[in-house]
$ cat target_32.csv   # CSV, C-alpha atoms
chain,number,residue,atom,x,y,z
A,1,MET,CA,88.1,107.1,101.7
A,2,PRO,CA,85.5,108.9,99.7
A,3,VAL,CA,86.0,109.2,96.0
A,4,THR,CA,86.2,112.8,94.7
A,5,HIS,CA,86.9,114.4,91.4
A,6,GLY,CA,90.5,114.9,92.6
A,7,ASN,CA,90.7,111.3,93.6
A,8,SER,CA,89.5,109.4,90.6
A,9,LEU,CA,90.4,106.6,88.2
A,10,GLN,CA,89.8,109.2,85.4
A,11,GLY,CA,88.5,106.7,82.8
A,12,ARG,CA,91.2,104.2,83.4
A,13,CYS,CA,90.3,100.5,82.7
A,14,ILE,CA,90.2,97.6,85.0
A,15,LEU,CA,90.1,94.1,83.4
A,16,LEU,CA,87.3,91.9,84.7
A,17,SER,CA,87.5,88.2,84.2
A,18,ALA,CA,84.5,86.3,85.6
A,19,SER,CA,82.0,83.5,85.1
A,20,VAL,CA,80.2,80.8,87.0
A,21,PRO,CA,82.4,77.6,87.1
A,22,ASP,CA,81.0,74.4,85.7
A,23,THR,CA,82.5,71.5,87.7
A,24,GLU,CA,80.8,68.9,85.5
A,25,ARG,CA,82.7,70.2,82.5
A,26,ASP,CA,86.0,70.5,84.3
A,27,HIS,CA,86.5,69.2,87.8
A,28,ARG,CA,89.5,71.5,88.4
A,29,PHE,CA,87.1,74.4,88.8
A,30,ARG,CA,85.3,74.1,92.1
A,31,GLN,CA,81.8,75.5,92.3
A,32,ILE,CA,80.9,77.1,95.7
A,33,ASP,CA,77.5,77.0,97.2
A,34,ASP,CA,75.1,79.6,95.6
A,35,ALA,CA,77.8,80.2,93.0
A,36,ALA,CA,75.7,82.2,90.5
A,37,PHE,CA,74.3,84.5,93.3
A,38,GLN,CA,77.7,85.0,94.9
A,39,ILE,CA,79.5,85.8,91.6
A,40,GLU,CA,76.7,88.1,90.6
A,41,GLN,CA,77.0,90.0,93.8
A,42,ALA,CA,80.7,90.3,93.4
A,43,VAL,CA,80.5,91.5,89.9
A,44,VAL,CA,77.9,94.1,90.7
A,45,SER,CA,79.9,95.4,93.7
A,46,LEU,CA,83.0,95.7,91.5
A,47,ALA,CA,81.1,97.6,88.8
A,48,ARG,CA,79.7,100.0,91.3
A,49,ALA,CA,83.0,100.6,93.0
A,50,VAL,CA,84.8,101.2,89.7
A,51,PHE,CA,82.1,103.4,88.1
A,52,SER,CA,81.6,105.5,91.2
A,53,ALA,CA,85.4,106.2,91.1
A,54,GLY,CA,85.3,107.3,87.4
A,55,GLY,CA,86.8,104.1,86.0
A,56,ARG,CA,85.8,101.7,83.3
A,57,LEU,CA,85.5,97.9,83.0
A,58,VAL,CA,86.8,95.9,80.1
A,59,PHE,CA,86.1,92.2,79.6
A,60,GLY,CA,85.5,89.5,77.1
A,61,GLY,CA,81.8,89.1,76.2
A,62,HIS,CA,79.9,86.7,78.3
A,63,PRO,CA,76.1,86.0,78.2
A,64,SER,CA,75.6,86.5,81.9
A,65,ILE,CA,78.3,89.0,82.8
A,66,SER,CA,77.8,91.5,79.9
A,67,PRO,CA,74.2,92.4,80.6
A,68,LEU,CA,74.8,92.5,84.3
A,69,VAL,CA,77.7,95.0,84.2
A,70,SER,CA,76.1,97.1,81.5
A,71,ILE,CA,72.8,97.6,83.5
A,72,VAL,CA,74.9,98.7,86.5
A,73,ALA,CA,76.7,101.2,84.2
A,74,GLY,CA,73.3,102.7,83.4
A,75,GLU,CA,73.0,103.8,87.0
A,76,TYR,CA,76.2,106.0,86.6
A,77,ARG,CA,75.7,107.4,83.1
A,78,PRO,CA,75.1,111.2,83.4
A,79,PRO,CA,71.9,112.4,81.8
A,80,VAL,CA,72.0,114.2,78.5
A,81,ARG,CA,69.1,116.4,77.4
A,82,ALA,CA,67.4,115.3,74.2
A,83,GLU,CA,67.8,118.7,72.7
A,84,SER,CA,71.4,119.0,73.7
A,85,ARG,CA,74.2,118.7,71.2
A,86,GLU,CA,76.7,117.6,73.7
A,87,GLU,CA,78.1,114.1,73.2
A,88,ARG,CA,77.7,111.3,75.7
A,89,PRO,CA,80.8,110.5,77.6
A,90,PRO,CA,82.7,107.3,76.6
A,91,ALA,CA,81.0,104.0,77.6
A,92,GLN,CA,82.0,102.8,81.0
A,93,VAL,CA,81.8,99.2,79.8
A,94,ILE,CA,84.0,97.9,77.0
A,95,ILE,CA,83.1,94.4,75.7
A,96,TYR,CA,85.5,92.5,73.5
A,97,GLN,CA,84.3,89.6,71.3
A,98,SER,CA,85.7,87.5,68.5
A,99,GLU,CA,84.0,87.9,65.1
A,100,ILE,CA,83.7,84.1,65.2
A,101,LEU,CA,80.8,84.5,67.7
A,102,ARG,CA,79.1,87.5,66.1
A,103,ASP,CA,76.1,85.4,65.0
A,104,VAL,CA,75.5,83.9,68.5
A,105,ILE,CA,75.6,87.1,70.6
A,106,PRO,CA,72.4,87.2,72.8
A,107,GLY,CA,69.8,89.9,71.8
A,108,ASP,CA,69.9,91.6,75.2
A,109,SER,CA,73.7,92.1,74.9
A,110,ARG,CA,73.1,93.7,71.5
A,111,LEU,CA,70.4,96.0,72.9
A,112,LEU,CA,72.6,97.2,75.7
A,113,ILE,CA,75.3,98.1,73.1
A,114,ASP,CA,72.7,99.9,70.9
A,115,LEU,CA,71.5,101.9,74.0
A,116,GLY,CA,75.1,103.1,74.5
A,117,LEU,CA,75.5,101.3,77.9
A,118,ALA,CA,78.4,99.4,76.5
A,119,LYS,CA,80.9,99.6,73.6
A,120,ALA,CA,81.5,96.5,71.5
A,121,CYS,CA,84.9,95.8,70.1
A,122,TRP,CA,85.0,93.0,67.5
A,123,VAL,CA,88.3,91.2,66.8
A,124,PRO,CA,88.9,89.3,63.6
A,125,ALA,CA,88.7,85.5,64.0
A,126,ASP,CA,91.4,83.0,62.9
A,127,PRO,CA,90.4,82.1,59.4
A,128,LYS,CA,91.1,78.4,60.1
A,129,GLU,CA,88.6,78.2,62.9
A,130,ARG,CA,84.8,77.8,62.9
A,131,PHE,CA,82.4,77.8,65.8
A,132,VAL,CA,79.5,75.3,65.7
A,133,MET,CA,76.7,75.6,68.3
A,134,GLY,CA,76.6,72.4,70.3
A,135,GLY,CA,80.0,71.4,69.1
A,136,GLY,CA,81.7,71.9,72.4
A,137,PRO,CA,83.1,74.8,74.4
A,138,VAL,CA,84.3,77.8,72.5
A,139,ALA,CA,87.7,77.5,74.1
A,140,GLU,CA,88.1,74.0,72.5
A,141,GLN,CA,86.7,74.9,69.0
A,142,CYS,CA,88.3,78.4,68.6
A,143,PRO,CA,91.4,78.7,70.9
A,144,GLN,CA,93.4,80.9,68.6
A,145,SER,CA,90.5,83.3,67.9
A,146,LEU,CA,90.0,83.7,71.7
A,147,TYR,CA,93.7,84.2,72.3
A,148,GLU,CA,93.8,87.0,69.7
A,149,MET,CA,90.7,88.6,71.2
A,150,ARG,CA,92.2,88.6,74.7
A,151,GLN,CA,95.5,89.9,73.5
A,152,ARG,CA,93.9,92.8,71.7
A,153,MET,CA,91.7,93.5,74.7
A,154,ILE,CA,94.7,94.0,76.9
A,155,GLU,CA,96.8,95.8,74.4
A,156,ASP,CA,94.1,98.3,73.4
A,157,ASN,CA,93.1,99.3,76.8
A,158,SER,CA,96.2,99.0,79.1
A,159,PRO,CA,94.2,98.0,82.2
A,160,ILE,CA,95.7,99.2,85.4
A,161,ALA,CA,94.6,96.0,87.2
A,162,MET,CA,92.8,92.7,86.7
A,163,VAL,CA,90.0,91.3,89.0
A,164,CYS,CA,89.2,87.5,88.8
A,165,ILE,CA,85.9,86.2,90.0
A,166,GLY,CA,85.0,82.5,89.8
A,167,GLY,CA,85.6,81.5,86.2
A,168,MET,CA,87.3,78.6,84.3
A,169,GLU,CA,90.0,78.2,81.7
A,170,GLY,CA,89.2,81.7,80.2
A,171,VAL,CA,90.2,83.4,83.5
A,172,LEU,CA,93.4,81.4,83.6
A,173,ALA,CA,94.2,82.3,80.0
A,174,GLU,CA,93.5,86.0,80.5
A,175,ALA,CA,95.6,86.1,83.8
A,176,ALA,CA,98.5,84.5,81.9
A,177,ILE,CA,98.3,87.2,79.2
A,178,TYR,CA,97.9,90.0,81.7
A,179,ALA,CA,100.7,88.9,84.0
A,180,GLY,CA,103.3,91.6,84.3
A,181,HIS,CA,101.0,94.4,83.2
A,182,GLY,CA,99.6,95.3,86.6
A,183,PRO,CA,98.3,93.8,89.8
A,184,ILE,CA,96.0,90.8,89.7
A,185,PHE,CA,93.3,90.6,92.4
A,186,THR,CA,91.5,87.3,92.8
A,187,LEU,CA,88.4,86.5,94.8
A,188,ALA,CA,89.5,83.1,95.9
A,189,ARG,CA,86.2,82.4,97.8
A,190,THR,CA,84.2,82.6,94.6
A,191,GLY,CA,85.8,79.3,93.6
A,192,GLY,CA,86.8,78.2,90.1
A,193,ALA,CA,89.8,79.7,88.4
A,194,ALA,CA,90.0,82.5,91.0
A,195,ALA,CA,90.6,79.9,93.7
A,196,LEU,CA,93.2,78.1,91.6
A,197,LEU,CA,95.1,81.3,90.9
A,198,ALA,CA,95.1,82.1,94.6
A,199,GLN,CA,96.5,78.7,95.4
A,200,GLU,CA,99.1,78.4,92.6
A,201,ASN,CA,100.3,81.9,91.7
A,202,PRO,CA,102.1,83.8,94.4
A,203,ASP,CA,102.0,87.0,92.4
A,204,VAL,CA,98.2,87.3,92.6
A,205,LYS,CA,96.5,89.0,95.5
A,206,ALA,CA,93.6,87.0,97.1
A,207,ILE,CA,91.9,90.2,98.3
A,208,ASP,CA,88.9,88.5,99.7
A,209,ASN,CA,91.0,86.3,102.0
A,210,GLU,CA,92.9,89.3,103.1
A,211,ILE,CA,89.8,91.3,104.0
A,212,MET,CA,88.2,88.3,105.8
A,213,ALA,CA,91.4,87.8,107.8
A,214,LEU,CA,91.3,91.4,108.9
A,215,LEU,CA,87.6,91.1,109.8
A,216,SER,CA,88.2,87.9,111.7
A,217,ASP,CA,90.7,89.8,114.0
A,218,VAL,CA,87.8,92.0,115.2
A,219,ASP,CA,87.3,91.1,118.9
A,220,GLY,CA,83.6,90.1,119.3
A,221,GLY,CA,84.0,90.8,123.0
A,222,TRP,CA,83.6,94.5,122.4
A,223,SER,CA,79.8,93.9,122.3
A,224,LYS,CA,77.9,92.7,125.3
A,225,ASP,CA,75.0,91.8,123.1
A,226,ASP,CA,74.9,88.0,122.7
A,227,ALA,CA,73.3,88.1,119.3
A,228,VAL,CA,75.9,90.5,118.0
A,229,ALA,CA,78.7,88.4,119.5
A,230,SER,CA,77.2,85.3,117.9
A,231,HIS,CA,77.1,87.0,114.6
A,232,HIS,CA,80.8,87.9,114.9
A,233,ARG,CA,81.6,84.3,115.8
A,234,ARG,CA,79.8,83.0,112.7
A,235,PHE,CA,81.5,85.7,110.6
A,236,ARG,CA,85.0,84.7,111.8
A,237,GLU,CA,84.2,81.0,111.1
A,238,GLY,CA,83.1,81.9,107.5
A,239,ASP,CA,79.4,80.9,108.2
A,240,ILE,CA,77.9,83.8,106.4
A,241,ALA,CA,75.3,84.0,103.6
A,242,VAL,CA,76.9,86.8,101.6
A,243,MET,CA,80.5,88.0,101.6
A,244,PRO,CA,81.2,91.7,102.1
A,245,TYR,CA,81.7,92.3,98.4
A,246,PRO,CA,81.2,96.1,98.5
A,247,LEU,CA,83.9,96.4,101.1
A,248,ILE,CA,86.3,94.1,99.1
A,249,MET,CA,85.8,96.0,95.8
A,250,GLN,CA,86.1,99.4,97.4
A,251,THR,CA,89.3,98.3,99.0
A,252,ILE,CA,90.6,97.3,95.5
A,253,VAL,CA,89.7,100.7,94.1
A,254,GLU,CA,91.2,102.6,97.1
A,255,GLN,CA,94.5,100.6,96.6
A,256,LEU,CA,94.6,101.5,92.9
A,257,LEU,CA,93.9,105.2,93.7
A,258,GLY,CA,96.7,105.1,96.2
A,259,GLU,CA,99.1,103.8,93.6
A,260,LEU,CA,97.9,106.5,91.1
A,261,SER,CA,98.3,109.4,93.5

$ encode --input "target_32.csv" --output "structure tokens"
Amino acid sequence: MPVTHGNSLQGRCILLSASVPDTERDHRFRQIDDAAFQIEQAVVSLARAVFSAGGRLVFGGHPSISPLVSIVAGEYRPPVRAESREERPPAQVIIYQSEILRDVIPGDSRLLIDLGLAKACWVPADPKERFVMGGGPVAEQCPQSLYEMRQRMIEDNSPIAMVCIGGMEGVLAEAAIYAGHGPIFTLARTGGAAALLAQENPDVKAIDNEIMALLSDVDGGWSKDDAVASHHRRFREGDIAVMPYPLIMQTIVEQLLGELS
């Protein structure tokens, strides 16, 4: 259904938890083929679906996800005349980060914040923890600081839903904190923690599997064109280059709008 002003998320937040899994660092988190490309497409599609419906995305800062989502947000920011005194609307992207990582935030992320494409929220670090570049994953060096950041992120913004794409232990940690606050949608076919959640947690909704199951029920026989029929056979068998991420993400937004109406 088309999104209208009367059918809008009205600035409500959706919690995004995403990253490209690294199987070499932890074998639990399976990496799919073309993982970086697939996860990027999924994140961009979610951002466009949420922003076009008047919603916002909140997530913990990540060097690849933060710039990607913020740039998409720029496509939906209404223009403000230079001579106008009107204030810009609230940022559609809210990025949380622990103070323990302030000195290692990439310059492009800082620029996007300075341009007003994203709002940065810094959470005090645990005084007993220190982060050393090259000293191992942040999750291992600073577990309490990250936990406090994630807790604040969810408490401050009351997200109406969570969407998990790929990811590793951070996605699992955020899903555990968010559980009970709202629906959790996972894209199981992006691998990593999203796949694990779909397998192990009956309370999460593997939305991509649901959509693909519905599409696989489409009878390819309706078309007499052999090429089209072949495409449908490949689609049903999962042999496709790109998942229909725009359809999947729009379905998430429409389900949330239905719950809000």

$ closest_residue --input "target_32.csv" --among "A:Met168, A:Ala125, A:Ala198, A:Ala175" --to "Arg25 of chain A" --atoms "only C-alpha atoms"
A:Met168

$ atom_distance --input "target_32.csv" --atom1 "atom CA of Gly167 of chain A" --atom2 "atom CA of Ala194 of chain A"
6.6 Å

$ closest_residue --input "target_32.csv" --among "A:Gln41, A:Thr186, A:Ser216, A:Ser158" --to "Asp203 of chain A" --atoms "only C-alpha atoms"
A:Thr186

$ residues_around --input "target_32.csv" --residues "segment 18-24 of chain A" --least-positions-apart "5" --cutoff "6 Å" --atoms "only C-alpha atoms" --output "PyMOL selection string"
chain A and resi 29-31+36+164-168+192

$ atom_distance --input "target_32.csv" --atom1 "atom CA of Arg12 of chain A" --atom2 "atom CA of Gly54 of chain A"
7.8 Å

$ atom_distance --input "target_32.csv" --atom1 "atom CA of Gln144 of chain A" --atom2 "atom CA of Ala120 of chain A"
19.8 Å

$ closest_residue --input "target_32.csv" --among "A:Leu260, A:Met162, A:Val69, A:Leu117" --to "Pro90 of chain A" --atoms "all atoms listed in the file"
A:Leu117

$ closest_residue --input "target_32.csv" --among "A:Gln97, A:Gln151, A:Ser66, A:Gln141" --to "Ala118 of chain A" --atoms "only C-alpha atoms"
A:Ser66

$ residues_around --input "target_32.csv" --residues "Ala49 of chain A" --least-positions-apart "6" --cutoff "7 Å" --atoms "all atoms listed in the file" --output "PyMOL selection string"
chain A and resi 249-250+253

$ closest_residue --input "target_32.csv" --among "A:Ile113, A:Leu187, A:Leu15, A:Ala161" --to "Ile39 of chain A" --atoms "only C-alpha atoms"
A:Leu187

$ residues_around --input "target_32.csv" --residues "Cys13 of chain A" --least-positions-apart "3" --cutoff "7 Å" --atoms "all atoms listed in the file" --output "number ranges by chain"
A: 55-58, 157, 159-160

$ write_last_selection --input "target_32.csv" --atoms "C-alpha atoms" --output "mmCIF file, keeping the file's coordinate frame"
data_model
loop_
_atom_site.group_PDB
_atom_site.id
_atom_site.type_symbol
_atom_site.label_atom_id
_atom_site.label_comp_id
_atom_site.auth_asym_id
_atom_site.auth_seq_id
_atom_site.Cartn_x
_atom_site.Cartn_y
_atom_site.Cartn_z
ATOM 1 C CA GLY A 55 86.800 104.100 86.000
ATOM 2 C CA ARG A 56 85.800 101.700 83.300
ATOM 3 C CA LEU A 57 85.500 97.900 83.000
ATOM 4 C CA VAL A 58 86.800 95.900 80.100
ATOM 5 C CA ASN A 157 93.100 99.300 76.800
ATOM 6 C CA PRO A 159 94.200 98.000 82.200
ATOM 7 C CA ILE A 160 95.700 99.200 85.400
#

$ closest_residue --input "target_32.csv" --among "A:Ala188, A:Ile100, A:Val204, A:Ile95" --to "Ala176 of chain A" --atoms "all atoms listed in the file"
A:Val204

$ residues_around --input "target_32.csv" --residues "segment 101-103 of chain A" --least-positions-apart "6" --cutoff "10 Å" --atoms "only C-alpha atoms" --output "tab-separated table (two decimals) with C-alpha atoms, in the coordinates of the input"
chain	number	residue	atom	x	y	z
A	61	GLY	CA	81.80	89.10	76.20
A	122	TRP	CA	85.00	93.00	67.50
A	123	VAL	CA	88.30	91.20	66.80
A	125	ALA	CA	88.70	85.50	64.00
A	130	ARG	CA	84.80	77.80	62.90
A	131	PHE	CA	82.40	77.80	65.80
A	132	VAL	CA	79.50	75.30	65.70
A	133	MET	CA	76.70	75.60	68.30
A	138	VAL	CA	84.30	77.80	72.50
A	142	CYS	CA	88.30	78.40	68.60
A	145	SER	CA	90.50	83.30	67.90

$ residues_near_point --input "target_32.csv" --point "(93.8, 89.4, 98.4)" --cutoff "12 Å" --atoms "only C-alpha atoms" --output "number ranges by chain"
A: 163-165, 183-189, 194-195, 197-199, 201-214, 248-249, 251-252, 255
